[in-house]
Amino acid sequence: MIFDEILGQDHLKEMVQHSLQKGQFSQSNIIIDKDEYGGLLFALAISEQLLFDKENIENDVLNHPDLHFVFPLFSSKDDAIELNKEWLFYVQNTKFPNIVGWKSASNSAGNTAAIRKPQIVAMHKSAGMKSFYGKNKVYIIWAAELMNKECSNLLLKILEEPPTNCYFVIITSKIYEILPTIKSRCQVSSLSPVPAQILEKKIR
């Protein structure tokens, strides 16, 4: 279980797992992250709980057809669908992704990281369709601070009336860059630094 891989964050893990078990987990969520805190790993742990039944929870959540990602592109010529394979490979090989690392992994010729309008439009379309297994769908929006105002307003529309069984997990390191109207629609959780003693124990 991915939650077991997360260092620290015990209070938040307990709170999230309790709400998941009770079926009270919010459809719209923000995780405030910083480098090495593990925001994406936390989002994947949540996705695992939402997408798998208890008997098959050990399966690879990254290969689940009802898990979708929105991530920054570096050029208007970049295609999110074409880069999804590179994104999944990058995520599989690093627990703490960052923009510099993703830029290198994407092999993009562009230089300006941004989440672009076509990506949010595509998410709207996808969310309105039936899930692959007829159950939950999860959308992880990574580095959400890189949305412009137009993208943010498009995201807000779907958060205002989220489709049934669709969950949105927004990860950002700059919560002040997120529209107040988006924050008001979400359950906001802030990750904490991993205590030094836990890191030392892990290294030994």
# chains A, B, ... in the order shown; residues from 1 in each chain; ligands from 1
>>> select_by_dssp(residues="chain A", states="strand (DSSP E or B)", output="number ranges by chain")
A: 28-32, 67-70, 73, 114-115, 137-142, 147, 166-172, 187-190
>>> closest_atom_pairs(of="range 106-195 of chain A", to="range 78-97 of chain A", cutoff="10 Å", atoms="only C-alpha atoms", output="tab-separated table")
residue	atom	partner	partner_atom	distance
A:Ser106	CA	A:Glu86	CA	6.0
A:Asn107	CA	A:Glu86	CA	8.8
A:Ser108	CA	A:Asp78	CA	7.1
A:Ala109	CA	A:Asp78	CA	8.7
A:Gly110	CA	A:Asp78	CA	8.1
A:Ile115	CA	A:Ala80	CA	9.7
A:Arg116	CA	A:Ala80	CA	9.5
A:Pro118	CA	A:Ala80	CA	9.0
A:Gln119	CA	A:Ala80	CA	7.1
A:Ala122	CA	A:Ala80	CA	9.9
A:Trp142	CA	A:Pro97	CA	9.6
A:Ala143	CA	A:Pro97	CA	10.0
>>> closest_residue(among="A:Leu50, A:Ser131, A:Leu179, A:His11", to="Ser26 in chain A", atoms="only C-alpha atoms")
A:Leu50
>>> select_by_dssp(residues="range 129-177 of chain A", states="alpha helix (DSSP H)", output="ChimeraX atom specification")
/A:149-160
>>> residues_around(residues="Ser190 in chain A", least_positions_apart="5", cutoff="12 Å", atoms="only C-alpha atoms", output="NGL selection string")
:A and (9 or 11-13 or 29-34 or 37-39 or 42 or 170-175)
>>> write_last_selection(atoms="N, CA and C atoms", output="PDB file, in the first residue's frame")
ATOM      1  N   GLN A   9       3.980  12.546   8.075  1.00  0.00           N
ATOM      2  CA  GLN A   9       2.606  12.905   7.707  1.00  0.00           C
ATOM      3  C   GLN A   9       1.568  12.013   8.404  1.00  0.00           C
ATOM      4  N   HIS A  11      -0.488  12.233  11.000  1.00  0.00           N
ATOM      5  CA  HIS A  11      -1.812  12.771  11.319  1.00  0.00           C
ATOM      6  C   HIS A  11      -2.646  12.916  10.045  1.00  0.00           C
ATOM      7  N   LEU A  12      -2.033  13.419   8.990  1.00  0.00           N
ATOM      8  CA  LEU A  12      -2.752  13.621   7.734  1.00  0.00           C
ATOM      9  C   LEU A  12      -3.127  12.288   7.097  1.00  0.00           C
ATOM     10  N   LYS A  13      -2.216  11.312   7.147  1.00  0.00           N
ATOM     11  CA  LYS A  13      -2.528   9.985   6.608  1.00  0.00           C
ATOM     12  C   LYS A  13      -3.719   9.379   7.341  1.00  0.00           C
ATOM     13  N   ASN A  29      -9.802  18.310  -3.903  1.00  0.00           N
ATOM     14  CA  ASN A  29      -8.771  18.398  -2.873  1.00  0.00           C
ATOM     15  C   ASN A  29      -7.549  19.149  -3.366  1.00  0.00           C
ATOM     16  N   ILE A  30      -6.920  19.851  -2.441  1.00  0.00           N
ATOM     17  CA  ILE A  30      -5.634  20.494  -2.708  1.00  0.00           C
ATOM     18  C   ILE A  30      -4.613  19.957  -1.713  1.00  0.00           C
ATOM     19  N   ILE A  31      -3.457  19.546  -2.228  1.00  0.00           N
ATOM     20  CA  ILE A  31      -2.334  19.162  -1.379  1.00  0.00           C
ATOM     21  C   ILE A  31      -1.250  20.216  -1.548  1.00  0.00           C
ATOM     22  N   ILE A  32      -0.909  20.886  -0.451  1.00  0.00           N
ATOM     23  CA  ILE A  32       0.175  21.871  -0.481  1.00  0.00           C
ATOM     24  C   ILE A  32       1.478  21.130  -0.242  1.00  0.00           C
ATOM     25  N   ASP A  33       2.356  21.188  -1.231  1.00  0.00           N
ATOM     26  CA  ASP A  33       3.571  20.378  -1.235  1.00  0.00           C
ATOM     27  C   ASP A  33       4.793  21.272  -1.348  1.00  0.00           C
ATOM     28  N   LYS A  34       5.941  20.713  -1.002  1.00  0.00           N
ATOM     29  CA  LYS A  34       7.235  21.317  -1.286  1.00  0.00           C
ATOM     30  C   LYS A  34       8.167  20.199  -1.722  1.00  0.00           C
ATOM     31  N   TYR A  37       8.675  16.669   0.084  1.00  0.00           N
ATOM     32  CA  TYR A  37       7.619  16.380   1.055  1.00  0.00           C
ATOM     33  C   TYR A  37       6.759  15.202   0.609  1.00  0.00           C
ATOM     34  N   GLY A  38       6.687  14.965  -0.712  1.00  0.00           N
ATOM     35  CA  GLY A  38       5.972  13.793  -1.206  1.00  0.00           C
ATOM     36  C   GLY A  38       4.541  14.019  -1.627  1.00  0.00           C
ATOM     37  N   GLY A  39       4.239  15.175  -2.191  1.00  0.00           N
ATOM     38  CA  GLY A  39       2.863  15.481  -2.587  1.00  0.00           C
ATOM     39  C   GLY A  39       2.296  14.530  -3.620  1.00  0.00           C
ATOM     40  N   PHE A  42       1.616  11.170  -2.119  1.00  0.00           N
ATOM     41  CA  PHE A  42       0.400  11.224  -1.304  1.00  0.00           C
ATOM     42  C   PHE A  42      -0.834  11.148  -2.197  1.00  0.00           C
ATOM     43  N   ILE A 170      -5.424  18.229  -6.483  1.00  0.00           N
ATOM     44  CA  ILE A 170      -4.602  19.327  -7.008  1.00  0.00           C
ATOM     45  C   ILE A 170      -3.362  19.465  -6.131  1.00  0.00           C
ATOM     46  N   ILE A 171      -2.196  19.421  -6.751  1.00  0.00           N
ATOM     47  CA  ILE A 171      -0.936  19.523  -6.009  1.00  0.00           C
ATOM     48  C   ILE A 171      -0.270  20.842  -6.361  1.00  0.00           C
ATOM     49  N   THR A 172       0.102  21.596  -5.351  1.00  0.00           N
ATOM     50  CA  THR A 172       0.767  22.875  -5.589  1.00  0.00           C
ATOM     51  C   THR A 172       1.773  23.166  -4.486  1.00  0.00           C
ATOM     52  N   SER A 173       2.855  23.820  -4.847  1.00  0.00           N
ATOM     53  CA  SER A 173       3.824  24.289  -3.855  1.00  0.00           C
ATOM     54  C   SER A 173       3.621  25.773  -3.547  1.00  0.00           C
ATOM     55  N   LYS A 174       2.688  26.403  -4.274  1.00  0.00           N
ATOM     56  CA  LYS A 174       2.444  27.845  -4.109  1.00  0.00           C
ATOM     57  C   LYS A 174       0.942  28.082  -4.018  1.00  0.00           C
ATOM     58  N   ILE A 175       0.407  27.827  -2.849  1.00  0.00           N
ATOM     59  CA  ILE A 175      -1.032  27.920  -2.664  1.00  0.00           C
ATOM     60  C   ILE A 175      -1.553  29.327  -2.943  1.00  0.00           C
TER      61      ILE A 175
END
>>> residues_around(residues="range 180-186 of chain A", least_positions_apart="3", cutoff="12 Å", atoms="only C-alpha atoms", output="PyMOL selection string")
chain A and resi 25-32+144-145+147+149+151-162+167-172+175-177+189
>>> closest_residue(among="A:Ile140, A:Ala127, A:Ile178, A:Met1", to="Leu67 in chain A", atoms="only C-alpha atoms")
A:Ile140
